[in-house]
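run31.txt, holding compact mmCIF, C-alpha atoms:
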```
# COMPACT_ATOMS: atom_id res chain seq x y z
CA MET A 261 -142.41 58.14 -16.70
CA THR A 262 -138.72 57.73 -17.56
CA ALA A 263 -136.37 60.24 -19.14
CA ILE A 264 -136.69 58.31 -22.39
CA ASP A 265 -140.47 58.86 -22.38
CA THR A 266 -140.03 62.65 -22.32
CA LEU A 267 -137.92 62.80 -25.50
CA THR A 268 -139.49 64.23 -28.64
CA PRO A 269 -139.20 62.35 -31.95
CA GLY A 270 -136.64 64.94 -33.04
CA ALA A 271 -134.56 64.40 -29.92
CA ILE A 272 -134.66 60.63 -30.42
CA ALA A 273 -133.58 61.03 -34.05
CA ALA A 274 -130.70 63.25 -32.95
CA ARG A 275 -129.55 60.70 -30.39
CA LEU A 276 -129.65 57.99 -33.06
CA SER A 277 -127.69 60.07 -35.60
CA GLY A 278 -124.40 59.87 -33.74
CA SER A 279 -121.57 57.36 -33.91
CA PRO A 280 -122.26 53.62 -33.50
CA GLU A 281 -121.06 53.92 -29.90
CA GLU A 282 -123.40 56.84 -29.22
CA ARG A 283 -126.35 55.00 -30.77
CA ALA A 284 -125.59 51.92 -28.72
CA ALA A 285 -125.43 53.98 -25.54
CA PHE A 286 -128.82 55.55 -26.26
CA VAL A 287 -130.41 52.20 -27.11
CA ARG A 288 -128.97 50.82 -23.86
CA GLU A 289 -130.63 53.66 -21.95
CA ALA A 290 -133.97 52.77 -23.49
CA ALA A 291 -133.39 49.08 -22.85
CA ASP A 292 -132.62 49.79 -19.20
CA ALA A 293 -135.85 51.80 -19.06
CA GLY A 294 -137.76 48.66 -20.09
CA VAL A 295 -138.54 49.46 -23.73
CA ALA A 296 -138.95 46.04 -25.36
CA GLU A 297 -137.94 47.18 -28.86
CA ALA A 298 -134.77 48.75 -27.46
CA GLN A 299 -133.98 45.56 -25.55
CA ALA A 300 -134.29 43.54 -28.74
CA VAL A 301 -132.19 46.01 -30.74
CA TYR A 302 -129.52 46.23 -28.04
CA GLY A 303 -129.37 42.45 -27.95
CA GLN A 304 -128.67 42.46 -31.70
CA MET A 305 -126.00 45.13 -31.25
CA LEU A 306 -124.31 42.95 -28.65
CA LEU A 307 -124.59 39.91 -30.88
CA ASP A 308 -123.07 41.72 -33.87
CA GLY A 309 -120.61 43.92 -31.97
CA ILE A 310 -122.09 47.15 -33.35
CA GLY A 311 -121.11 50.11 -31.18
CA VAL A 312 -120.26 47.75 -28.32
CA VAL A 313 -117.94 44.84 -27.70
CA ALA A 314 -119.61 41.65 -28.96
CA ASP A 315 -121.08 39.72 -26.06
CA PRO A 316 -123.43 36.88 -27.07
CA VAL A 317 -124.16 35.95 -23.45
CA ALA A 318 -125.40 39.47 -22.71
CA ALA A 319 -127.23 39.51 -26.06
CA LEU A 320 -129.23 36.45 -25.05
CA GLY A 321 -130.07 38.15 -21.77
CA TRP A 322 -131.55 41.17 -23.53
CA PHE A 323 -133.41 39.06 -26.07
CA THR A 324 -134.91 37.13 -23.16
CA LYS A 325 -136.01 40.35 -21.43
CA ALA A 326 -137.70 41.59 -24.60
CA ALA A 327 -139.31 38.19 -25.26
CA ALA A 328 -140.78 38.29 -21.75
CA GLN A 329 -142.60 41.42 -22.92
CA HIS A 330 -144.02 39.48 -25.90
CA HIS A 331 -141.59 40.94 -28.46
CA VAL A 332 -141.91 38.34 -31.20
CA MET A 333 -138.62 38.96 -33.02
CA ALA A 334 -136.78 38.83 -29.70
CA LEU A 335 -138.38 35.46 -29.02
CA ASN A 336 -137.18 34.28 -32.42
CA MET A 337 -133.68 35.51 -31.54
CA VAL A 338 -133.75 33.58 -28.27
CA GLY A 339 -134.46 30.59 -30.48
CA ARG A 340 -131.53 31.47 -32.73
CA CYS A 341 -129.21 31.64 -29.72
CA TYR A 342 -130.23 28.16 -28.57
CA ASP A 343 -130.25 26.85 -32.13
CA LEU A 344 -126.71 28.00 -32.94
CA GLY A 345 -125.09 28.16 -29.50
CA TRP A 346 -124.79 31.93 -29.32
CA GLY A 347 -124.09 32.76 -25.69
CA THR A 348 -125.36 29.40 -24.45
CA ALA A 349 -125.17 25.68 -25.08
CA VAL A 350 -126.97 24.41 -28.16
CA ASP A 351 -130.48 23.27 -27.29
CA LYS A 352 -132.46 22.46 -30.43
CA ALA A 353 -135.60 21.53 -28.50
CA ARG A 354 -135.70 24.89 -26.76
CA ALA A 355 -134.96 26.64 -30.05
CA ALA A 356 -137.86 24.81 -31.67
CA GLN A 357 -140.18 25.85 -28.86
CA CYS A 358 -139.25 29.52 -29.30
CA TYR A 359 -139.60 29.35 -33.07
CA ARG A 360 -142.96 27.58 -32.85
CA ILE A 361 -144.48 30.20 -30.57
CA ALA A 362 -143.16 33.10 -32.67
CA ALA A 363 -144.29 31.32 -35.85
CA GLU A 364 -147.79 30.93 -34.44
CA ARG A 365 -147.79 34.70 -33.97
CA GLY A 366 -147.08 35.17 -37.67
CA LEU A 367 -143.37 36.06 -37.74
CA ASP A 368 -141.92 35.07 -41.11
CA TRP A 369 -138.40 34.43 -39.80
CA ALA A 370 -139.72 32.19 -37.05
CA MET A 371 -141.81 30.23 -39.55
CA TYR A 372 -138.72 29.72 -41.70
CA ASN A 373 -136.55 28.72 -38.75
CA TYR A 374 -139.15 26.34 -37.33
CA ALA A 375 -139.67 24.80 -40.77
CA THR A 376 -135.93 24.18 -41.00
CA LEU A 377 -135.92 22.24 -37.73
CA LEU A 378 -139.02 20.29 -38.78
CA ALA A 379 -137.42 19.38 -42.11
CA LEU A 380 -134.23 18.16 -40.43
CA GLY A 381 -135.83 16.62 -37.35
CA GLU A 382 -133.72 18.74 -35.00
CA GLY A 383 -135.31 19.50 -31.64
CA VAL A 384 -138.64 18.16 -32.90
CA ALA A 385 -139.85 15.05 -34.68
CA GLU A 386 -139.09 15.25 -38.39
CA ASP A 387 -142.15 16.39 -40.32
CA LYS A 388 -141.32 17.37 -43.88
CA PRO A 389 -144.95 17.92 -44.96
CA ALA A 390 -145.47 20.38 -42.11
CA ALA A 391 -142.16 22.05 -42.92
CA LEU A 392 -143.13 22.46 -46.56
CA ALA A 393 -146.52 23.89 -45.61
CA LEU A 394 -144.84 26.51 -43.41
CA LEU A 395 -142.29 27.36 -46.08
CA GLU A 396 -145.00 27.80 -48.69
CA THR A 397 -146.86 30.10 -46.31
CA VAL A 398 -143.76 32.28 -45.91
CA ALA A 399 -143.04 32.14 -49.64
CA GLY A 400 -146.51 33.56 -50.30
CA MET A 401 -145.90 36.67 -48.20
CA ASP A 402 -145.15 40.07 -49.71
CA SER A 403 -141.38 40.60 -49.59
CA GLY A 404 -138.23 40.28 -47.52
CA LEU A 405 -135.17 38.09 -47.14
CA ALA A 406 -137.03 35.48 -45.08
CA ILE A 407 -139.41 35.05 -48.02
CA ALA A 408 -136.50 34.60 -50.44
CA LYS A 409 -134.94 32.00 -48.16
CA ALA A 410 -138.24 30.16 -47.86
CA ILE A 411 -138.67 30.14 -51.65
CA ASN A 412 -135.18 28.67 -52.02
CA PHE A 413 -136.03 25.94 -49.50
CA VAL A 414 -139.27 25.16 -51.36
CA GLY A 415 -137.07 24.75 -54.42
CA SER A 416 -134.92 22.23 -52.55
CA PHE A 417 -138.04 20.26 -51.61
CA ALA A 418 -139.08 20.21 -55.28
CA GLU A 419 -135.60 19.24 -56.46
CA ASP A 420 -135.25 16.41 -53.96
CA GLY A 421 -138.88 15.25 -53.95
CA TRP A 422 -139.36 15.88 -50.24
CA ALA A 423 -143.05 15.75 -49.27
CA CYS A 424 -143.97 16.41 -52.91
CA GLU A 425 -143.38 15.13 -56.42
CA ARG A 426 -139.89 15.78 -57.76
CA ASP A 427 -140.21 18.77 -60.07
CA LEU A 428 -137.00 20.27 -61.47
CA VAL A 429 -138.88 22.94 -63.39
CA ARG A 430 -140.48 24.22 -60.21
CA ALA A 431 -137.15 23.95 -58.40
CA ALA A 432 -135.46 26.09 -61.04
CA GLU A 433 -138.24 28.67 -60.85
CA CYS A 434 -137.98 28.85 -57.06
CA TYR A 435 -134.20 29.21 -57.15
CA ALA A 436 -134.45 32.03 -59.69
CA ARG A 437 -136.96 33.89 -57.49
CA ALA A 438 -134.86 33.32 -54.37
CA ALA A 439 -131.74 34.60 -56.13
CA GLU A 440 -133.56 37.71 -57.30
CA GLY A 441 -134.78 38.19 -53.72
CA GLY A 442 -131.21 38.27 -52.40
CA ASP A 443 -130.77 34.84 -50.82
CA PHE A 444 -127.19 33.66 -51.28
CA ARG A 445 -128.15 29.98 -51.36
CA GLY A 446 -130.76 30.86 -53.96
CA CYS A 447 -128.04 32.58 -56.01
CA PHE A 448 -125.90 29.45 -55.85
CA ASN A 449 -128.74 27.06 -56.63
CA HIS A 450 -129.89 29.24 -59.51
CA ALA A 451 -126.34 29.17 -60.87
CA ARG A 452 -126.29 25.37 -60.57
CA MET A 453 -129.45 25.07 -62.61
CA LEU A 454 -128.27 27.56 -65.22
CA GLY A 455 -125.00 25.68 -65.58
CA ALA A 456 -126.80 22.36 -65.99
CA ALA A 457 -128.93 23.98 -68.71
CA GLY A 458 -125.79 25.10 -70.54
CA ASP A 459 -125.97 28.82 -69.71
CA VAL A 460 -122.61 29.08 -67.98
CA ASP A 461 -122.18 32.82 -68.57
CA ALA A 462 -125.38 33.62 -66.68
CA ALA A 463 -124.42 31.11 -63.99
CA LEU A 464 -121.13 32.91 -63.36
CA VAL A 465 -122.99 36.15 -62.67
CA TRP A 466 -125.03 34.46 -59.95
CA LEU A 467 -122.00 32.65 -58.52
CA LYS A 468 -120.38 36.04 -58.01
CA GLN A 469 -123.52 37.19 -56.20
CA ALA A 470 -123.48 34.06 -54.04
CA GLY A 471 -119.90 34.80 -53.06
CA ALA A 472 -120.69 38.41 -52.23
CA ARG A 473 -123.75 37.60 -50.12
CA GLY A 474 -122.76 34.33 -48.45
CA ASN A 475 -120.82 33.71 -45.26
CA ALA A 476 -117.40 32.09 -45.04
CA ALA A 477 -118.70 28.62 -44.17
CA PHE A 478 -121.07 28.67 -47.14
CA ARG A 479 -118.34 29.88 -49.51
CA ASP A 480 -115.99 27.09 -48.44
CA LYS A 481 -118.65 24.47 -49.19
CA ALA A 482 -119.58 26.16 -52.47
CA VAL A 483 -115.96 26.25 -53.65
CA ALA A 484 -115.56 22.55 -52.82
CA TRP A 485 -118.72 21.71 -54.80
CA LEU A 486 -117.64 23.79 -57.78
CA ALA A 487 -114.14 22.31 -57.76
CA ALA A 488 -115.66 18.81 -58.08
CA SER A 489 -118.34 19.78 -60.63
CA ASP A 490 -118.90 17.88 -63.86
CA ILE A 491 -119.05 21.26 -65.62
CA PRO A 492 -115.46 22.20 -66.52
CA ALA A 493 -116.13 25.95 -66.42
CA PHE A 494 -117.43 25.68 -62.87
CA ARG A 495 -114.13 24.15 -61.74
CA THR A 496 -112.21 27.18 -62.99
CA ALA A 497 -114.27 30.25 -63.85
CA GLY A 498 -116.98 29.29 -61.35
CA VAL A 499 -114.59 29.11 -58.43
CA ALA A 500 -113.01 32.38 -59.57
CA ALA A 501 -116.40 34.12 -59.83
CA LEU A 502 -117.43 33.06 -56.35
CA ARG A 503 -114.12 34.18 -54.88
CA GLU A 504 -114.32 37.47 -56.78
CA GLY A 505 -117.72 38.09 -55.22
CA ALA A 506 -116.38 37.34 -51.76
CA ALA A 507 -113.59 39.89 -52.26
CA CYS A 508 -116.00 42.72 -53.13
```
Could you rewrite the structure in this file as C-alpha cells?
Amino acid sequence: MTAIDTLTPGAIAARLSGSPEERAAFVREAADAGVAEAQAVYGQMLLDGIGVVADPVAALGWFTKAAAQHHVMALNMVGRCYDLGWGTAVDKARAAQCYRIAAERGLDWAMYNYATLLALGEGVAEDKPAALALLETVAGMDSGLAIAKAINFVGSFAEDGWACERDLVRAAECYARAAEGGDFRGCFNHARMLGAAGDVDAALVWLKQAGARGNAAFRDKAVAWLAASDIPAFRTAGVAALREGAAC
C-alpha cells in the first residue's frame, strides 16, 4: 500500500483544492505510485502546461504508462501524440492503431479520431463508408463534445456526398446540432448554411461563437474563407464577428 492509498476522500479533495502547481504535484505523486488515472491526468497537465512546464515528450511517456494499464483515454492520447507530432515524430499508422484499439473498447473520442483517419486515408487505407458508420455511432451517443464533432462530420459527408447521397437538408440539420453542442466547426458550418439561406443575422451570431471556440489555425482559415465569400456581409460583418468572438 502506498501513501496515496491511505488518503481519505476528504484528504484527496483538499490536496486537489490548492493552486495548479499544488494539484500537479499531488497528481504526480499518484502517477509515481502507479495510479493509471493519475498518469493519464498528469500526462494531460504536461501536454497543456497546467501547473507544470509544458513537456510533450514527458506527456507521451505518462500516457504510455497509463495505456499499458489499459487506460483507454490514455491510449487515445498516445494516438493523438503520434497523429499530431506531440512529443514525437508524426506516425499516422501508429496513431490509427491506438485509435482503433480504443475505439473497439467503446471510447467516443477514439471512434471519432479513427473515423477521421479512415475518411482521409491517413495511416490506414481510405474507407469512407467505415468512417461514416463510426461517426454515426458516435453521433447516436448521449452527449459530449466528441458527439458534437461527429455530428458535424456526418454533416460534411452529407454535404459532399461521401459514402452517401448528397443531402443538403441533412447537412444543415447536422451542422445546427453540432453548433448547439459546442463544436466550433459546427458553428462555422451552421453559419455558412444560414448565410446561404439568407439569414445573415443569425449566421453572424454563430460566426462569433466559432471565433470564440476555435483555435488560431481554424480562425485563420475561416477568415480567409469569409473574405472570399460570395455573400457581401460575410466579407465584412462576418469577418468582424469571427474576430470579435476570438477576442472574447
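If only C-alpha atoms are the atoms counted, then among A:Ala423, A:Leu380, A:Ala418, A:Val465 the closest residue to Ala393 (chain A) is A:Ala423.
You will find CA of Ser489 (chain A) at 14.0 Å from CA of Ala457 (chain A).
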Shortest contact to Ala362 (chain A), candidates A:Cys508, A:Ala472, A:Ala488, A:Ala327, atoms counted all atoms listed in the file, goes to A:Ala327
If we count all atoms listed in the file and set the cut-off at 9 Å, which residues sit around Arg437 (chain A), ignoring sequence neighbours fewer than 2 positions away in its own chain? Please answer as a PyMOL selection string. chain A and resi 408+411-412+432-435+439-442+446+450
Around all the atoms of region 347-356 of chain A listed in the file, with 6 Å of room on each side, what axis-aligned box do you get, giving centre and edge lengths in Å to one decimal, as AutoDock Vina command-line options?
```
--center_x -131.0 --center_y 27.1 --center_z -28.1 --size_x 25.8 --size_y 23.2 --size_z 19.2
```
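Considering all atoms listed in the file, the residue among A:Val414, A:Pro280, A:Arg445, A:Asp292 positioned nearest to Asp308 (chain A) is A:Pro280.
Distance-wise, CA of Leu276 (chain A) and CA of Val313 (chain A) end up 18.4 Å apart.
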For Trp369 (chain A), the closest of A:Ala399, A:Ala406, A:Ala493, A:Leu454 counting all atoms listed in the file is A:Ala406
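You will find CA of Gly321 (chain A) at 27.8 Å from CA of Pro269 (chain A).
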Take region 336-362 of chain A, bring it up to N, CA, C and O atoms, and give me the output as a short mmCIF file (atom, residue, chain, number, x, y, z; two decimals), keeping the file's coordinate frame.
```cif
data_model
loop_
_atom_site.label_atom_id
_atom_site.label_comp_id
_atom_site.auth_asym_id
_atom_site.auth_seq_id
_atom_site.Cartn_x
_atom_site.Cartn_y
_atom_site.Cartn_z
N ASN A 336 -137.85 35.00 -31.34
CA ASN A 336 -137.18 34.28 -32.42
C ASN A 336 -135.67 34.29 -32.22
O ASN A 336 -134.99 33.28 -32.45
N MET A 337 -135.13 35.42 -31.75
CA MET A 337 -133.68 35.51 -31.54
C MET A 337 -133.23 34.67 -30.35
O MET A 337 -132.11 34.15 -30.34
N VAL A 338 -134.07 34.53 -29.34
CA VAL A 338 -133.75 33.58 -28.27
C VAL A 338 -133.62 32.19 -28.87
O VAL A 338 -132.69 31.43 -28.57
N GLY A 339 -134.54 31.87 -29.78
CA GLY A 339 -134.46 30.59 -30.48
C GLY A 339 -133.18 30.45 -31.26
O GLY A 339 -132.53 29.40 -31.24
N ARG A 340 -132.77 31.51 -31.95
CA ARG A 340 -131.53 31.47 -32.73
C ARG A 340 -130.33 31.20 -31.81
O ARG A 340 -129.41 30.45 -32.18
N CYS A 341 -130.32 31.84 -30.66
CA CYS A 341 -129.21 31.64 -29.72
C CYS A 341 -129.11 30.18 -29.30
O CYS A 341 -128.02 29.59 -29.28
N TYR A 342 -130.25 29.56 -28.97
CA TYR A 342 -130.23 28.16 -28.57
C TYR A 342 -130.00 27.24 -29.77
O TYR A 342 -129.40 26.16 -29.63
N ASP A 343 -130.44 27.65 -30.93
CA ASP A 343 -130.25 26.85 -32.13
C ASP A 343 -128.77 26.77 -32.52
O ASP A 343 -128.25 25.70 -32.87
N LEU A 344 -128.08 27.91 -32.43
CA LEU A 344 -126.71 28.00 -32.94
C LEU A 344 -125.64 28.10 -31.85
O LEU A 344 -124.45 28.20 -32.15
N GLY A 345 -126.07 28.10 -30.59
CA GLY A 345 -125.09 28.16 -29.50
C GLY A 345 -124.48 29.53 -29.31
O GLY A 345 -123.32 29.65 -28.94
N TRP A 346 -125.27 30.57 -29.54
CA TRP A 346 -124.79 31.93 -29.32
C TRP A 346 -125.03 32.31 -27.87
O TRP A 346 -126.16 32.54 -27.44
N GLY A 347 -123.99 32.35 -27.08
CA GLY A 347 -124.09 32.76 -25.69
C GLY A 347 -124.65 31.70 -24.76
O GLY A 347 -124.92 31.98 -23.59
N THR A 348 -124.81 30.49 -25.25
CA THR A 348 -125.36 29.40 -24.45
C THR A 348 -125.06 28.08 -25.15
O THR A 348 -124.58 28.07 -26.29
N ALA A 349 -125.33 26.99 -24.45
CA ALA A 349 -125.17 25.68 -25.08
C ALA A 349 -126.28 25.47 -26.11
O ALA A 349 -127.39 25.97 -25.95
N VAL A 350 -125.96 24.73 -27.16
CA VAL A 350 -126.97 24.41 -28.16
C VAL A 350 -128.08 23.58 -27.53
O VAL A 350 -127.82 22.62 -26.79
N ASP A 351 -129.32 23.99 -27.79
CA ASP A 351 -130.48 23.27 -27.29
C ASP A 351 -131.56 23.37 -28.37
O ASP A 351 -132.36 24.30 -28.39
N LYS A 352 -131.55 22.41 -29.28
CA LYS A 352 -132.46 22.46 -30.43
C LYS A 352 -133.93 22.39 -30.01
O LYS A 352 -134.79 23.02 -30.63
N ALA A 353 -134.22 21.64 -28.95
CA ALA A 353 -135.60 21.53 -28.50
C ALA A 353 -136.12 22.87 -28.00
O ALA A 353 -137.25 23.27 -28.30
N ARG A 354 -135.28 23.58 -27.25
CA ARG A 354 -135.70 24.89 -26.76
C ARG A 354 -135.81 25.88 -27.91
O ARG A 354 -136.72 26.72 -27.93
N ALA A 355 -134.88 25.78 -28.87
CA ALA A 355 -134.96 26.64 -30.05
C ALA A 355 -136.27 26.41 -30.78
O ALA A 355 -136.96 27.35 -31.18
N ALA A 356 -136.62 25.14 -30.97
CA ALA A 356 -137.86 24.81 -31.67
C ALA A 356 -139.07 25.38 -30.95
O ALA A 356 -140.02 25.87 -31.60
N GLN A 357 -139.06 25.32 -29.64
CA GLN A 357 -140.18 25.85 -28.86
C GLN A 357 -140.34 27.35 -29.09
O GLN A 357 -141.45 27.85 -29.30
N CYS A 358 -139.21 28.07 -29.06
CA CYS A 358 -139.25 29.52 -29.30
C CYS A 358 -139.75 29.82 -30.71
O CYS A 358 -140.61 30.70 -30.90
N TYR A 359 -139.19 29.12 -31.68
CA TYR A 359 -139.60 29.35 -33.07
C TYR A 359 -141.09 29.07 -33.26
O TYR A 359 -141.80 29.82 -33.95
N ARG A 360 -141.56 27.97 -32.66
CA ARG A 360 -142.96 27.58 -32.85
C ARG A 360 -143.90 28.66 -32.34
O ARG A 360 -144.87 29.03 -33.02
N ILE A 361 -143.61 29.18 -31.15
CA ILE A 361 -144.48 30.20 -30.57
C ILE A 361 -144.47 31.47 -31.41
O ILE A 361 -145.52 32.06 -31.71
N ALA A 362 -143.26 31.89 -31.84
CA ALA A 362 -143.16 33.10 -32.67
C ALA A 362 -143.80 32.87 -34.03
O ALA A 362 -144.40 33.78 -34.60
#
```
